[in-house]
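Asker: My structure file my_file-v7.tsv, TSV, C-alpha atoms and all ligand atoms, is below:
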```
chain	number	residue	atom	x	y	z
A	1	MET	CA	83.87	-0.98	0.57
A	2	ASP	CA	83.95	-4.73	0.97
A	3	ILE	CA	81.27	-5.62	3.54
A	4	SER	CA	80.13	-9.23	3.77
A	5	HIS	CA	78.48	-9.70	7.18
A	6	VAL	CA	76.22	-7.09	8.76
A	7	LEU	CA	74.62	-6.76	12.19
A	8	VAL	CA	71.17	-5.15	11.86
A	9	THR	CA	69.45	-3.97	15.05
A	10	GLY	CA	65.68	-3.40	15.10
A	11	ALA	CA	65.49	-6.12	12.45
A	12	THR	CA	61.92	-7.11	13.30
A	13	GLY	CA	60.66	-3.51	13.00
A	14	PHE	CA	59.23	-1.72	9.96
A	15	VAL	CA	62.43	-0.11	8.64
A	16	GLY	CA	64.80	-2.80	9.96
A	17	ALA	CA	63.04	-5.66	8.18
A	18	HIS	CA	63.33	-3.83	4.85
A	19	VAL	CA	67.02	-3.23	5.55
A	20	VAL	CA	67.49	-6.95	6.26
A	21	ASP	CA	65.74	-7.93	3.01
A	22	SER	CA	67.74	-5.43	0.95
A	23	LEU	CA	70.99	-6.87	2.32
A	24	LEU	CA	69.88	-10.48	1.75
A	25	ARG	CA	68.85	-9.71	-1.84
A	26	LYS	CA	72.41	-8.49	-2.43
A	27	GLY	CA	73.81	-11.74	-1.03
A	28	ILE	CA	75.15	-10.05	2.11
A	29	LYS	CA	75.07	-12.14	5.30
A	30	VAL	CA	72.90	-10.71	8.09
A	31	ARG	CA	72.91	-11.16	11.84
A	32	ALA	CA	69.53	-9.76	12.78
A	33	VAL	CA	69.00	-8.45	16.32
A	34	ALA	CA	65.57	-9.12	17.82
A	35	ARG	CA	64.00	-9.19	21.24
A	36	SER	CA	61.03	-11.35	20.25
A	37	LYS	CA	61.69	-15.00	19.41
A	38	LYS	CA	58.22	-15.24	17.89
A	39	LYS	CA	58.85	-12.35	15.47
A	40	ALA	CA	62.27	-13.76	14.57
A	41	ASP	CA	60.85	-17.22	13.89
A	42	LEU	CA	58.15	-15.76	11.64
A	43	MET	CA	60.72	-13.70	9.77
A	44	LYS	CA	63.02	-16.65	9.26
A	45	ALA	CA	60.18	-18.94	8.18
A	46	ALA	CA	59.10	-16.40	5.54
A	47	ARG	CA	62.61	-16.43	4.01
A	48	PRO	CA	63.49	-20.10	3.39
A	49	GLN	CA	65.73	-19.12	0.48
A	50	TYR	CA	68.02	-17.18	2.83
A	51	THR	CA	68.55	-19.74	5.60
A	52	SER	CA	72.30	-19.75	5.06
A	53	LEU	CA	72.55	-15.93	5.04
A	54	LEU	CA	70.31	-15.02	7.99
A	55	ASP	CA	70.69	-15.71	11.67
A	56	PHE	CA	69.30	-14.00	14.78
A	57	TYR	CA	70.85	-12.59	17.92
A	58	PHE	CA	68.51	-11.97	20.85
A	59	ILE	CA	68.61	-9.07	23.29
A	60	ASP	CA	66.24	-8.08	26.07
A	61	ASP	CA	66.30	-4.28	26.03
A	62	LEU	CA	68.49	-1.57	24.50
A	63	ASN	CA	68.78	-0.05	27.95
A	64	THR	CA	70.87	-2.97	29.23
A	65	PRO	CA	74.60	-2.06	29.00
A	66	GLY	CA	76.88	-4.47	27.13
A	67	ILE	CA	74.08	-6.22	25.21
A	68	PHE	CA	75.96	-6.07	21.89
A	69	ASP	CA	79.35	-7.28	23.14
A	70	ASP	CA	78.92	-10.76	21.62
A	71	ALA	CA	76.63	-9.69	18.78
A	72	VAL	CA	79.35	-7.81	16.89
A	73	LYS	CA	81.73	-10.78	16.67
A	74	ASP	CA	82.66	-11.58	13.04
A	75	VAL	CA	80.60	-8.79	11.46
A	76	ASP	CA	82.28	-6.09	9.39
A	77	GLY	CA	79.39	-3.62	9.23
A	78	ILE	CA	76.57	-2.44	11.48
A	79	ILE	CA	73.23	-0.88	10.67
A	80	HIS	CA	71.78	0.33	13.95
A	81	VAL	CA	68.07	0.85	13.35
A	82	ALA	CA	66.61	-0.01	16.77
A	83	SER	CA	65.25	2.78	18.92
A	84	PRO	CA	61.93	3.08	20.74
A	85	LEU	CA	59.37	4.75	18.44
A	86	ASN	CA	56.20	4.50	20.43
A	87	TYR	CA	53.92	7.35	21.43
A	88	SER	CA	51.93	5.29	23.96
A	89	VAL	CA	54.47	5.79	26.72
A	90	HIS	CA	54.26	7.23	30.23
A	91	ASP	CA	57.83	7.60	31.46
A	92	TYR	CA	59.63	9.37	28.61
A	93	GLU	CA	63.10	9.08	30.08
A	94	LYS	CA	62.83	5.37	30.89
A	95	GLU	CA	60.89	4.23	27.85
A	96	LEU	CA	62.24	6.46	25.07
A	97	ILE	CA	65.29	8.52	25.91
A	98	LEU	CA	67.57	6.26	27.94
A	99	PRO	CA	67.19	3.14	25.70
A	100	ALA	CA	67.89	5.25	22.59
A	101	ILE	CA	71.11	6.67	24.08
A	102	GLN	CA	72.26	3.47	25.77
A	103	GLY	CA	71.65	1.47	22.58
A	104	VAL	CA	74.06	3.71	20.68
A	105	ARG	CA	76.64	3.59	23.45
A	106	SER	CA	76.50	-0.21	23.67
A	107	ILE	CA	76.80	-0.78	19.95
A	108	MET	CA	79.72	1.59	19.56
A	109	GLU	CA	81.60	0.37	22.62
A	110	ALA	CA	81.17	-3.24	21.47
A	111	SER	CA	82.51	-2.42	17.99
A	112	VAL	CA	85.84	-0.97	19.13
A	113	ASP	CA	88.82	-3.14	18.13
A	114	THR	CA	86.68	-5.51	16.06
A	115	LYS	CA	86.47	-6.02	12.28
A	116	VAL	CA	83.67	-3.43	12.06
A	117	LYS	CA	84.50	-0.84	9.40
A	118	ARG	CA	81.38	1.32	9.53
A	119	VAL	CA	78.30	1.95	11.67
A	120	VAL	CA	75.22	3.33	9.91
A	121	MET	CA	72.71	4.72	12.36
A	122	THR	CA	69.06	5.43	11.64
A	123	SER	CA	68.56	8.80	13.28
A	124	SER	CA	65.53	10.91	12.43
A	125	PHE	CA	64.36	14.24	11.09
A	126	GLY	CA	63.28	14.66	14.69
A	127	ALA	CA	66.96	15.26	15.46
A	128	VAL	CA	67.00	17.97	12.75
A	129	LEU	CA	63.67	19.77	13.15
A	130	ASP	CA	63.47	22.94	15.23
A	131	MET	CA	59.97	23.22	16.64
A	132	THR	CA	60.72	26.64	18.15
A	133	LYS	CA	60.84	28.18	14.67
A	134	GLU	CA	57.77	30.16	13.74
A	135	GLU	CA	55.86	27.93	11.29
A	136	SER	CA	55.14	30.76	8.84
A	137	LEU	CA	58.82	31.69	8.38
A	138	PRO	CA	60.68	30.35	5.34
A	139	TRP	CA	63.38	27.91	6.38
A	140	THR	CA	65.66	25.34	4.74
A	141	TYR	CA	66.83	22.40	6.84
A	142	SER	CA	70.09	20.63	6.01
A	143	SER	CA	72.36	18.02	7.56
A	144	GLU	CA	73.85	20.89	9.60
A	145	SER	CA	70.54	21.51	11.37
A	146	TRP	CA	70.00	20.15	14.89
A	147	ASN	CA	66.93	20.02	17.06
A	148	PRO	CA	67.73	22.46	19.93
A	149	ILE	CA	65.55	20.62	22.49
A	150	SER	CA	67.17	20.15	25.91
A	151	TYR	CA	67.19	16.94	27.94
A	152	GLY	CA	64.99	18.58	30.57
A	153	GLU	CA	62.42	19.71	27.99
A	154	ALA	CA	62.21	16.29	26.31
A	155	SER	CA	61.90	14.32	29.54
A	156	ALA	CA	59.46	16.67	31.30
A	157	PRO	CA	56.08	15.12	32.15
A	158	ASN	CA	54.34	17.94	30.28
A	159	ALA	CA	56.26	17.26	27.04
A	160	THR	CA	54.32	15.47	24.30
A	161	PRO	CA	55.40	11.91	23.39
A	162	GLN	CA	56.48	13.30	20.01
A	163	GLU	CA	58.75	15.88	21.69
A	164	ALA	CA	60.21	13.18	23.92
A	165	TYR	CA	60.81	10.91	20.92
A	166	ARG	CA	62.47	13.71	18.93
A	167	GLY	CA	64.63	14.45	21.96
A	168	SER	CA	65.59	10.76	22.25
A	169	LYS	CA	66.77	10.71	18.64
A	170	THR	CA	68.68	14.00	19.04
A	171	PHE	CA	70.54	12.87	22.17
A	172	ALA	CA	71.24	9.38	20.76
A	173	GLU	CA	72.67	10.76	17.53
A	174	LYS	CA	74.78	13.32	19.39
A	175	GLU	CA	76.08	10.46	21.54
A	176	ALA	CA	77.18	8.61	18.41
A	177	TRP	CA	79.09	11.59	16.97
A	178	LYS	CA	80.64	12.33	20.38
A	179	PHE	CA	81.87	8.74	20.61
A	180	ILE	CA	83.54	9.03	17.20
A	181	SER	CA	85.24	12.33	17.99
A	182	GLU	CA	86.42	11.31	21.47
A	183	LYS	CA	87.37	7.64	20.98
A	184	LYS	CA	88.50	7.74	17.35
A	185	PRO	CA	87.65	4.08	16.77
A	186	GLN	CA	88.69	2.01	13.73
A	187	PHE	CA	85.16	2.39	12.24
A	188	ASP	CA	83.47	5.48	10.86
A	189	LEU	CA	79.87	6.63	11.21
A	190	VAL	CA	77.05	7.57	8.86
A	191	THR	CA	73.79	8.89	10.27
A	192	LEU	CA	70.54	9.06	8.31
A	193	CYS	CA	67.79	11.45	9.42
A	194	PRO	CA	64.65	10.52	7.49
A	195	SER	CA	61.36	12.27	8.02
A	196	MET	CA	58.04	10.32	7.91
A	197	VAL	CA	58.65	6.83	6.52
A	198	PHE	CA	55.73	5.17	4.76
A	199	GLY	CA	55.20	2.01	2.75
A	200	PRO	CA	54.30	-1.65	2.90
A	201	LEU	CA	55.53	-3.90	5.67
A	202	VAL	CA	57.75	-6.74	4.44
A	203	ASP	CA	55.38	-9.26	5.96
A	204	SER	CA	51.69	-8.28	6.08
A	205	PRO	CA	50.49	-7.29	9.54
A	206	SER	CA	47.56	-9.08	11.11
A	207	SER	CA	46.42	-6.19	13.30
A	208	VAL	CA	46.64	-2.41	13.45
A	209	GLN	CA	48.81	-2.76	16.56
A	210	GLU	CA	51.51	-4.30	14.39
A	211	LEU	CA	51.79	-1.16	12.28
A	212	ASN	CA	54.60	1.16	13.26
A	213	GLU	CA	53.75	4.74	14.33
A	214	SER	CA	54.09	6.46	10.90
A	215	ASN	CA	52.03	3.84	9.07
A	216	LYS	CA	49.43	3.92	11.84
A	217	VAL	CA	48.83	7.57	10.93
A	218	LEU	CA	48.55	6.72	7.23
A	219	TRP	CA	46.20	3.88	8.08
A	220	ARG	CA	43.97	6.33	9.93
A	221	VAL	CA	43.66	8.31	6.68
A	222	VAL	CA	42.89	5.16	4.69
A	223	SER	CA	40.27	3.85	7.08
A	224	GLY	CA	39.24	6.64	9.46
A	225	GLY	CA	35.97	7.53	7.70
A	226	GLN	CA	34.82	10.83	6.19
A	227	SER	CA	33.86	12.29	9.55
A	228	GLN	CA	37.44	11.92	10.83
A	229	PRO	CA	39.66	14.98	10.26
A	230	LEU	CA	43.01	14.44	8.57
A	231	PRO	CA	45.97	14.02	10.95
A	232	PRO	CA	47.99	17.24	11.29
A	233	CYS	CA	50.88	17.63	8.85
A	234	ARG	CA	53.55	19.89	10.36
A	235	PHE	CA	55.84	19.49	7.33
A	236	ASN	CA	55.65	17.67	4.03
A	237	PHE	CA	58.80	15.54	4.00
A	238	TRP	CA	58.60	11.77	3.72
A	239	ILE	CA	60.35	8.79	2.15
A	240	ASP	CA	59.33	5.32	1.01
A	241	VAL	CA	60.67	2.62	3.32
A	242	ARG	CA	62.12	0.64	0.36
A	243	ASP	CA	64.10	3.67	-0.83
A	244	LEU	CA	65.29	4.31	2.72
A	245	ALA	CA	66.44	0.69	3.04
A	246	GLU	CA	68.46	1.00	-0.17
A	247	ILE	CA	70.01	4.24	1.15
A	248	HIS	CA	71.04	2.37	4.33
A	249	ILE	CA	72.84	-0.26	2.24
A	250	GLN	CA	74.58	2.31	0.04
A	251	ALA	CA	75.51	4.24	3.19
A	252	LEU	CA	77.20	1.12	4.49
A	253	VAL	CA	79.08	-0.05	1.40
A	254	THR	CA	80.06	3.20	-0.34
A	255	GLN	CA	83.43	4.27	1.01
A	256	SER	CA	83.13	7.95	0.03
A	257	VAL	CA	79.89	8.65	1.93
A	258	GLY	CA	81.43	7.89	5.34
A	259	GLY	CA	81.71	10.29	8.28
A	260	LYS	CA	78.64	12.33	7.34
A	261	ARG	CA	75.08	13.03	8.36
A	262	TYR	CA	72.30	12.91	5.74
A	263	VAL	CA	68.66	13.95	5.58
A	264	PRO	CA	67.05	11.62	3.04
A	265	VAL	CA	63.64	12.82	1.83
A	266	ALA	CA	61.68	12.11	-1.36
A	267	PRO	CA	61.81	15.05	-3.77
A	268	GLU	CA	58.00	15.15	-3.95
A	269	PRO	CA	56.14	16.59	-0.91
A	270	PHE	CA	53.21	14.77	0.72
A	271	THR	CA	50.06	15.69	2.60
A	272	TYR	CA	47.45	13.40	4.14
A	273	GLN	CA	44.93	15.04	1.79
A	274	MET	CA	46.96	13.65	-1.12
A	275	ALA	CA	46.91	10.20	0.49
A	276	SER	CA	43.14	10.38	0.90
A	277	GLU	CA	42.65	11.45	-2.75
A	278	ILE	CA	44.99	8.74	-4.08
A	279	VAL	CA	43.15	6.02	-2.15
A	280	SER	CA	39.71	7.30	-3.26
A	281	GLU	CA	40.81	7.36	-6.89
A	282	VAL	CA	42.62	4.00	-7.01
A	283	PHE	CA	40.29	2.07	-4.69
A	284	PRO	CA	36.74	3.41	-5.37
A	285	SER	CA	35.29	0.98	-2.80
A	286	ARG	CA	37.21	2.84	-0.08
A	287	ARG	CA	35.84	6.29	-0.98
A	288	ASP	CA	33.53	6.47	2.01
A	289	LYS	CA	36.17	5.07	4.35
A	290	VAL	CA	38.95	7.62	3.86
A	291	SER	CA	39.32	10.69	6.05
A	292	SER	CA	38.96	13.93	4.15
A	293	GLY	CA	40.02	17.52	4.52
A	294	VAL	CA	42.24	20.19	3.04
A	295	GLN	CA	45.99	20.40	3.62
A	296	GLU	CA	48.39	22.81	1.96
A	297	VAL	CA	52.01	22.00	1.10
A	298	LYS	CA	54.23	24.37	3.09
A	299	THR	CA	56.50	25.28	0.20
A	300	HIS	CA	58.42	27.78	2.37
A	301	ILE	CA	59.87	24.97	4.54
A	302	LYS	CA	62.46	22.98	2.60
A	303	VAL	CA	65.18	20.38	2.98
A	304	ASP	CA	68.46	20.97	1.17
A	305	GLN	CA	68.92	17.78	-0.82
A	306	SER	CA	72.27	18.63	-2.39
A	307	LEU	CA	74.38	16.45	-0.05
A	308	MET	CA	72.10	13.44	-0.60
A	309	ASN	CA	72.04	13.94	-4.39
A	310	GLU	CA	75.83	14.27	-4.51
A	311	ASN	CA	76.52	11.17	-2.38
A	312	PHE	CA	73.60	8.92	-3.38
A	313	PRO	CA	73.12	9.84	-7.06
A	314	THR	CA	71.60	6.52	-8.13
A	315	ILE	CA	68.64	6.48	-5.75
A	316	LYS	CA	65.35	6.59	-7.67
A	317	TYR	CA	62.73	7.81	-5.23
A	318	ARG	CA	59.26	6.31	-5.41
A	319	THR	CA	56.30	8.61	-5.87
A	320	PHE	CA	53.91	9.19	-2.99
A	321	ARG	CA	51.17	7.64	-5.13
A	322	GLU	CA	53.14	4.41	-5.53
A	323	THR	CA	53.85	4.26	-1.80
A	324	VAL	CA	50.24	4.88	-0.75
A	325	VAL	CA	48.90	2.34	-3.26
A	326	ASP	CA	51.39	-0.35	-2.22
A	327	PHE	CA	50.73	0.35	1.46
A	328	THR	CA	46.97	0.08	0.98
A	329	LEU	CA	47.24	-3.09	-1.11
A	330	ASP	CA	49.87	-4.93	0.88
A	331	ASN	CA	48.64	-4.10	4.32
A	332	SER	CA	45.02	-4.90	3.37
A	333	PRO	CA	43.57	-2.47	5.93
A	334	ASP	CA	40.15	-4.09	5.41
A	335	ASN	CA	41.51	-7.13	7.17
A	336	LEU	CA	43.06	-5.24	10.07
A	401	LIG	P1	59.47	0.12	14.68
A	401	LIG	O1	58.76	-0.73	13.68
A	401	LIG	O2	58.81	0.36	15.97
A	401	LIG	O3	60.92	-0.49	14.90
A	401	LIG	C1	61.71	-0.21	16.03
A	401	LIG	C2	62.65	-1.37	16.25
A	401	LIG	O4	63.45	-1.11	17.40
A	401	LIG	C3	61.91	-2.67	16.51
A	401	LIG	O5	62.59	-3.74	15.93
A	401	LIG	C4	61.93	-2.79	18.03
A	401	LIG	O6	61.92	-4.13	18.48
A	401	LIG	C5	63.26	-2.14	18.36
A	401	LIG	N1	63.20	-1.56	19.69
A	401	LIG	C6	62.46	-0.51	20.09
A	401	LIG	N2	62.63	-0.26	21.39
A	401	LIG	C7	63.51	-1.19	21.84
A	401	LIG	C8	64.08	-1.44	23.10
A	401	LIG	N3	63.81	-0.70	24.18
A	401	LIG	N4	64.94	-2.48	23.21
A	401	LIG	C9	65.22	-3.25	22.13
A	401	LIG	N5	64.73	-3.04	20.90
A	401	LIG	C10	63.87	-2.02	20.76
A	401	LIG	O7	59.77	1.55	14.08
A	401	LIG	P2	60.43	1.96	12.69
A	401	LIG	O8	59.50	2.91	12.06
A	401	LIG	O9	60.86	0.77	11.93
A	401	LIG	O10	61.70	2.76	13.21
A	401	LIG	C11	62.99	2.26	13.04
A	401	LIG	C12	64.00	3.37	13.18
A	401	LIG	O11	63.74	4.37	12.21
A	401	LIG	C13	64.00	4.05	14.55
A	401	LIG	O12	65.33	4.32	14.90
A	401	LIG	C14	63.24	5.32	14.27
A	401	LIG	O13	63.61	6.33	15.18
A	401	LIG	C15	63.70	5.62	12.85
A	401	LIG	N6	62.78	6.49	12.11
A	401	LIG	C16	61.51	6.04	11.79
A	401	LIG	C17	60.66	6.90	11.10
A	401	LIG	C18	59.27	6.49	10.72
A	401	LIG	O14	58.50	7.34	10.22
A	401	LIG	N7	58.89	5.24	10.86
A	401	LIG	C19	61.09	8.18	10.74
A	401	LIG	C20	62.39	8.57	11.08
A	401	LIG	C21	63.23	7.73	11.75
A	401	LIG	P3	60.60	-5.04	18.34
A	401	LIG	O15	60.52	-5.45	16.90
A	401	LIG	O16	60.85	-6.17	19.26
A	401	LIG	O17	59.45	-4.17	18.75
```
For this file, produce the structure as structure tokens.
Answerer:
Amino acid sequence: MDISHVLVTGATGFVGAHVVDSLLRKGIKVRAVARSKKKADLMKAARPQYTSLLDFYFIDDLNTPGIFDDAVKDVDGIIHVASPLNYSVHDYEKELILPAIQGVRSIMEASVDTKVKRVVMTSSFGAVLDMTKEESLPWTYSSESWNPISYGEASAPNATPQEAYRGSKTFAEKEAWKFISEKKPQFDLVTLCPSMVFGPLVDSPSSVQELNESNKVLWRVVSGGQSQPLPPCRFNFWIDVRDLAEIHIQALVTQSVGGKRYVPVAPEPFTYQMASEIVSEVFPSRRDKVSSGVQEVKTHIKVDQSLMNENFPTIKYRTFRETVVDFTLDNSPDNL
């Protein structure tokens, strides 16, 4: 599919910045959506070679209706990455759920009757995972699987932030598919539901606060100290952020993959124990800084990768070792 100018939301976030760089490397023009002028300026300054391909569009909050009406002008593709992924929240509905849903609505409404040919949305494995399933039962998730959580359960004050976040992604993705089936716009939709995303940030962070939620957990393993237990690992699916960015680009430009939902995961499972062992082995000076413990791979819980393999046959997934080493090197946790 011929796509030459792409609107990327969440461009100053962990995944979004990799998506922006992958597009720029392919010579595709990017209009990056940001809410922080400071972050946008830093990103632009770090990419002097792409001045002619990269510009920024500023929004205040995803929850504001109509924010993308002008942003979509002249673009022919959209990669909608932005969504609140923050577990330090108090009002789940206001801070997580409503912005996630409204963001999808605004981007899709704005794209009707424009040149936009496809919207790729970063959903989440949180929209796939069923936490009511007994953990010991064998189960295979696929792109047909949906998180059964209700709006009331996700927004309840006694829900965990993780439940509220998974709910926000479920409702936002459902909103996107509903829009397509009801409005039948000129563009089609691809949704990607990755599990834990790890890897280096495109521009090194200067503080732990700048790490996104999934890398914060990995950073705890790298630097938590031997007395710290490993973070819990409910399932063993993950993907390297650079592989996920490439999948976003292929999802946008490959005609035949349109109209479908995918669950991209690396073929190799991960545990935080593996991360701890990799760091100890590759960086001996960190041996007394890593958290330690024992974690089993739950081989009875699987993701059916056939649809991904069929539609994205050229993706070469990085190993967990490569991801952990690059994360540890590039993010220099000693300096954080
Ligand atoms: P991130 O670094 O926190 O990025 C989120 C992006 O969305 C940021 O650019 C942020 O803007 C923007 N954003 C968040 N809330 C917003 C709001 N209310 N209004 C406007 N913009 C808002 O997290 P990430 O890990 O890159 O996540 C990106 C996407 O991947 C999300 O859709 C997430 O659900 C999905 N995902 C992530 C993982 C993972 O493990 N990381 C796994 C599955 C799916 P600022 O830059 O201004 O903060």
Asker: Pick from A:Arg118, A:Lys26, A:Lys44, A:His18: nearest to ligand LIG 401 (chain A), with only C-alpha atoms and all ligand atoms counted?
Answerer: A:His18
Asker: Report, as AutoDock Vina command-line options, the centre and edge lengths in Å (one decimal) of the axis-aligned box enclosing every listed atom of ligand LIG 401 (chain A), padded by 6 Å on each side.
Answerer:
```
--center_x 61.9 --center_y 1.2 --center_z 17.2 --size_x 18.8 --size_y 26.7 --size_z 26.0
```
Asker: Using only C-alpha atoms, which residues of range 229-272 of chain A come within 9 Å of range 296-300 of chain A, and what is the closest atom pair for each, with the distance in Å to one decimal? Give it as a tab-separated table, sorted by chain and residue number.
Answerer:
```
residue	atom	partner	partner_atom	distance
A:Cys233	CA	A:Val297	CA	9.0
A:Arg234	CA	A:Lys298	CA	8.6
A:Phe235	CA	A:Lys298	CA	6.7
A:Asn236	CA	A:Val297	CA	6.4
A:Pro269	CA	A:Val297	CA	7.1
A:Phe270	CA	A:Val297	CA	7.3
A:Thr271	CA	A:Val297	CA	6.8
```
Asker: What does the structure give for the distance between CA of Leu54 in chain A and CA of Leu24 in chain A, in Å to one decimal?
Answerer: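 Spanning CA of Leu54 in chain A to CA of Leu24 in chain A is a straight-line distance of 7.7 Å.
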Asker: Tell me, in Å to one decimal, how far CA of Val75 in chain A is from CA of Val253 in chain A.
Answerer: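 For CA of Val75 in chain A relative to CA of Val253 in chain A, the distance reads 13.4 Å.
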Asker: Within 8 Å of ligand LIG 401 (chain A), which residues show up when you count all atoms listed in the file? List them as a PyMOL selection string, please.
Answerer: chain A and resi 9-17+33-36+39+59-63+80-86+95-96+99-100+103+121-126+165+169+193-198+211-215+238
Asker: Give the answer as one residue: which of A:Leu137, A:Thr319, A:Tyr87, A:Ser291 has the shortest atom-to-atom distance to Gln228 in chain A, using all atoms listed in the file?
Answerer: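 Using all atoms listed in the file, the shortest distance to Gln228 in chain A belongs to A:Ser291.
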Asker: Quick check, in Å to one decimal: how far apart do CA of Ile249 in chain A and CA of Ile107 in chain A lie?
Answerer: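 Between CA of Ile249 in chain A and CA of Ile107 in chain A the gap works out to 18.2 Å.
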Asker: Return the single residue from A:Ser280, A:Ser106, A:Ser181, A:Thr114 that is closest to Gly66 in chain A, with distances computed using all atoms listed in the file.
Answerer: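 Ranking A:Ser280, A:Ser106, A:Ser181, A:Thr114 by distance to Gly66 in chain A, first place goes to A:Ser106.
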